[in-house]
Amino acid sequence: MPFKILFSGFPATSSRGFLGWSTMLVVKEKGLNLLFDTGSYNERLKLLEKLGEERLRPEDIQMVVMSHLHFDHAVNFDLFPRAELVVGRGEWEYANGEAGKTDPFIPHGIVPLLQESNRLRLVEEGDTLADNLAIRETPGHTPGSISLFMQYDRDYLAIGDAVKNAKEFVEGRPAMGASTPEWLRSRERIREEAKVIIPGHDRPFSADPQGVVRYEGTTGIEIYADVSPYGENRCIFSLTLDRDVV
């Protein structure tokens, strides 16, 4: 398969707010090294480690596609000095408007940094990035959210937070802040077009015509803490979500 999921998103929040553990994947398509979403700031080193395991240096990434400009999907674009920076035109207009300027999840300063990079590329519905890669507009979570359509042995759609996880998909209810009518239209389009859905905060999954979900991958997390001044760090939380948990 020409793409690999570096981090599979995790469907959890915490008593201190959103964790921001989102899906990131790399595509190697006929000489193009593409990164879809860049994760949160606390994941910078781990992201570079994961790319290193794929024998990719930051300067080897030629294109970074950001599903939207929230902190857990876009903040690490600056790690990739040679990459074309791909953002939905609708998202860019939103981020530069009054609503976007007060969106608490868009990192302060990201808009001028993208503008000053001189590597920004604004895309719209149907724009092609490579032979098997195309843009789909999937607004709702934000007005300009985009997804990456990948046509290989099956039709894959990396959707960012257009639908955050399988629970949202099944229940048909978006998280707070989404435009529900737009979100529902995007959800229906995702259902119709994708054989495998790769959401921003869950494992990849497929859905049959009745909407019954089948997971196509796994995800997990371990949390460590200095629970005592004596001895080494200990893992205090470990959870693996496999293909069979529904």
# chains A, B, ... in the order shown; residues from 1 in each chain; ligands from 1
$ residues_around --residues "segment 172-189 of chain A" --least-positions-apart "2" --cutoff "9 Å" --atoms "only C-alpha atoms" --output "list in words"
Glu137, Thr138, Pro139, Gly140, His141, Thr142, Pro143, Ala162, Val163, Lys164, Lys167, Glu168, Phe169, Val170, Arg191, Glu192, Glu193 and Ala194 of chain A
$ residues_around --residues "segment 32-39 of chain A" --least-positions-apart "3" --cutoff "7 Å" --atoms "only C-alpha atoms" --output "PDB file with C-alpha atoms, in the first residue's frame"
ATOM      1  CA  SER A  22      -5.160  12.770  15.895  1.00  0.00           C
ATOM      2  CA  MET A  24      -1.433  11.277  10.724  1.00  0.00           C
ATOM      3  CA  LEU A  25      -0.499   9.358   7.620  1.00  0.00           C
ATOM      4  CA  VAL A  26       2.243   9.474   5.002  1.00  0.00           C
ATOM      5  CA  VAL A  27       1.766   8.725   1.313  1.00  0.00           C
ATOM      6  CA  LYS A  28       4.599   7.717  -1.021  1.00  0.00           C
ATOM      7  CA  GLU A  29       3.113   8.166  -4.472  1.00  0.00           C
ATOM      8  CA  GLU A  43       3.880  15.194  19.220  1.00  0.00           C
ATOM      9  CA  ASP A  60      12.011  14.756   2.200  1.00  0.00           C
ATOM     10  CA  ILE A  61       8.356  15.689   2.717  1.00  0.00           C
ATOM     11  CA  GLN A  62       7.238  17.488  -0.421  1.00  0.00           C
ATOM     12  CA  MET A  63       3.631  18.170   0.460  1.00  0.00           C
ATOM     13  CA  VAL A  64       1.710  18.654   3.713  1.00  0.00           C
ATOM     14  CA  VAL A  65      -2.074  18.473   3.484  1.00  0.00           C
ATOM     15  CA  MET A  66      -3.945  19.972   6.435  1.00  0.00           C
ATOM     16  CA  SER A  67      -7.523  18.774   6.784  1.00  0.00           C
ATOM     17  CA  ASP A  72      -4.147  19.079  16.683  1.00  0.00           C
ATOM     18  CA  HIS A  73      -4.043  18.777  12.893  1.00  0.00           C
ATOM     19  CA  ALA A  74      -1.935  21.631  11.551  1.00  0.00           C
ATOM     20  CA  VAL A  75       0.464  23.114  14.074  1.00  0.00           C
ATOM     21  CA  ASN A  76       3.609  21.172  13.082  1.00  0.00           C
ATOM     22  CA  PHE A  77       3.713  22.200   9.422  1.00  0.00           C
TER      23      PHE A  77
END
$ atom_distance --atom1 "atom CA of Val123 of chain A" --atom2 "atom CA of Val86 of chain A"
6.8 Å
$ closest_residue --among "A:Phe10, A:Glu171, A:Asn233, A:Leu239" --to "Val212 of chain A" --atoms "only C-alpha atoms"
A:Glu171
$ select_by_dssp --residues "segment 74-246 of chain A" --states "helix (DSSP H, G or I)" --output "ChimeraX atom specification"
/A:74-79,89-96,98-101,110-117,166-171,180-193
$ write_last_selection --atoms "C-alpha atoms" --output "compact mmCIF listing (two decimals), in the first residue's frame"
# COMPACT_ATOMS: atom_id res chain seq x y z
CA ALA A 74 -1.94 21.63 11.55
CA VAL A 75 0.46 23.11 14.07
CA ASN A 76 3.61 21.17 13.08
CA PHE A 77 3.71 22.20 9.42
CA ASP A 78 6.81 24.28 10.15
CA LEU A 79 8.89 21.11 10.59
CA ARG A 89 -9.66 27.51 0.15
CA GLY A 90 -12.77 27.60 2.30
CA GLU A 91 -10.71 26.95 5.42
CA TRP A 92 -8.32 29.76 4.54
CA GLU A 93 -11.20 32.18 4.04
CA TYR A 94 -12.70 31.06 7.35
CA ALA A 95 -9.41 31.44 9.25
CA ASN A 96 -8.97 34.95 7.88
CA GLU A 98 -13.91 37.21 12.05
CA ALA A 99 -15.24 33.78 13.07
CA GLY A 100 -11.90 32.12 12.39
CA LYS A 101 -9.98 34.77 14.28
CA ILE A 110 -0.63 30.11 12.23
CA VAL A 111 -2.30 32.18 9.52
CA PRO A 112 0.53 34.73 9.08
CA LEU A 113 3.12 31.95 9.32
CA LEU A 114 1.46 30.06 6.50
CA GLN A 115 1.15 33.24 4.47
CA GLU A 116 4.80 34.17 5.00
CA SER A 117 6.03 30.71 4.05
CA ALA A 166 -17.05 5.91 14.45
CA LYS A 167 -19.39 6.87 17.28
CA GLU A 168 -20.15 10.21 15.62
CA PHE A 169 -20.61 8.42 12.32
CA VAL A 170 -23.11 5.90 13.72
CA GLU A 171 -25.06 8.34 15.90
CA THR A 180 -24.97 20.33 11.70
CA PRO A 181 -26.58 20.60 8.22
CA GLU A 182 -23.19 20.80 6.49
CA TRP A 183 -21.80 18.09 8.74
CA LEU A 184 -24.66 15.73 7.88
CA ARG A 185 -24.17 16.31 4.17
CA SER A 186 -20.47 15.58 4.50
CA ARG A 187 -21.17 12.47 6.55
CA GLU A 188 -23.51 11.18 3.86
CA ARG A 189 -20.97 11.86 1.17
CA ILE A 190 -18.28 10.05 3.14
CA ARG A 191 -20.62 7.09 3.60
CA GLU A 192 -21.31 6.93 -0.14
CA GLU A 193 -17.81 7.48 -1.46
$ residues_around --residues "Glu222 of chain A" --least-positions-apart "3" --cutoff "9 Å" --atoms "only C-alpha atoms" --output "ChimeraX atom specification"
/A:235-240
$ residues_around --residues "Glu59 of chain A" --least-positions-apart "4" --cutoff "7 Å" --atoms "only C-alpha atoms" --output "list in words"
Phe80, Pro81 and Arg82 of chain A
$ residues_around --residues "Ala12 of chain A" --least-positions-apart "4" --cutoff "12 Å" --atoms "only C-alpha atoms" --output "PyMOL selection string"
chain A and resi 16-22+164-165+167+200-202+219-221+239+241
$ write_last_selection --atoms "C-alpha atoms" --output "short mmCIF file (atom, residue, chain, number, x, y, z; two decimals), in the first residue's frame"
data_model
loop_
_atom_site.label_atom_id
_atom_site.label_comp_id
_atom_site.auth_asym_id
_atom_site.auth_seq_id
_atom_site.Cartn_x
_atom_site.Cartn_y
_atom_site.Cartn_z
CA ARG A 16 -8.49 18.94 31.37
CA GLY A 17 -9.89 19.25 27.87
CA PHE A 18 -9.19 17.84 24.44
CA LEU A 19 -6.18 15.54 24.17
CA GLY A 20 -5.69 16.22 20.48
CA TRP A 21 -4.33 12.77 19.58
CA SER A 22 -5.16 12.77 15.89
CA LYS A 164 -14.17 12.54 14.28
CA ASN A 165 -14.80 8.89 15.08
CA LYS A 167 -19.39 6.87 17.28
CA GLY A 200 -9.14 12.08 12.75
CA HIS A 201 -9.73 10.51 16.15
CA ASP A 202 -10.32 6.80 15.73
CA THR A 219 -5.08 2.18 18.00
CA GLY A 220 -3.80 2.51 21.54
CA ILE A 221 -2.18 4.74 24.09
CA LEU A 239 -5.46 0.92 26.45
CA LEU A 241 -8.51 -0.66 20.82
#
$ atom_distance --atom1 "atom CA of Ile198 of chain A" --atom2 "atom CA of Ile159 of chain A"
6.1 Å
$ residues_around --residues "Thr218 of chain A" --least-positions-apart "4" --cutoff "8 Å" --atoms "only C-alpha atoms" --output "mmCIF file with N, CA and C atoms, in the first residue's frame"
data_model
loop_
_atom_site.group_PDB
_atom_site.id
_atom_site.type_symbol
_atom_site.label_atom_id
_atom_site.label_comp_id
_atom_site.auth_asym_id
_atom_site.auth_seq_id
_atom_site.Cartn_x
_atom_site.Cartn_y
_atom_site.Cartn_z
ATOM 1 N N SER A 8 -2.591 6.489 14.598
ATOM 2 C CA SER A 8 -4.033 6.353 14.473
ATOM 3 C C SER A 8 -4.692 7.141 15.594
ATOM 4 N N ARG A 203 -9.786 4.627 14.857
ATOM 5 C CA ARG A 203 -9.223 3.676 13.903
ATOM 6 C C ARG A 203 -9.924 3.782 12.556
ATOM 7 N N PRO A 204 -9.275 3.363 11.485
ATOM 8 C CA PRO A 204 -9.982 3.265 10.200
ATOM 9 C C PRO A 204 -11.159 2.296 10.327
ATOM 10 N N THR A 240 -5.574 -0.496 24.509
ATOM 11 C CA THR A 240 -5.491 -0.840 23.086
ATOM 12 C C THR A 240 -6.890 -1.094 22.574
ATOM 13 N N LEU A 241 -7.222 -0.439 21.482
ATOM 14 C CA LEU A 241 -8.514 -0.656 20.816
ATOM 15 C C LEU A 241 -8.227 -1.429 19.530
ATOM 16 N N ASP A 242 -8.738 -2.625 19.431
ATOM 17 C CA ASP A 242 -8.421 -3.468 18.284
ATOM 18 C C ASP A 242 -9.570 -3.469 17.282
ATOM 19 N N ARG A 243 -9.490 -4.374 16.315
ATOM 20 C CA ARG A 243 -10.484 -4.413 15.243
ATOM 21 C C ARG A 243 -11.841 -4.921 15.718
#
$ residues_around --residues "Leu85 of chain A" --least-positions-apart "5" --cutoff "6 Å" --atoms "only C-alpha atoms" --output "ChimeraX atom specification"
/A:64,119-121
$ closest_residue --among "A:Leu129, A:Met1, A:Ala134, A:Leu47" --to "Asp153 of chain A" --atoms "only C-alpha atoms"
A:Met1
$ closest_residue --among "A:Leu122, A:Ser40, A:Phe3, A:Val227" --to "Leu157 of chain A" --atoms "only C-alpha atoms"
A:Phe3
$ closest_residue --among "A:Tyr230, A:Asp161, A:Glu54, A:Asp208" --to "Pro11 of chain A" --atoms "only C-alpha atoms"
A:Asp161
$ atom_distance --atom1 "atom CA of Glu124 of chain A" --atom2 "atom CA of Ile106 of chain A"
20.4 Å
$ closest_residue --among "A:Ile135, A:His108, A:Pro58, A:Gly9" --to "Ala83 of chain A" --atoms "only C-alpha atoms"
A:Pro58
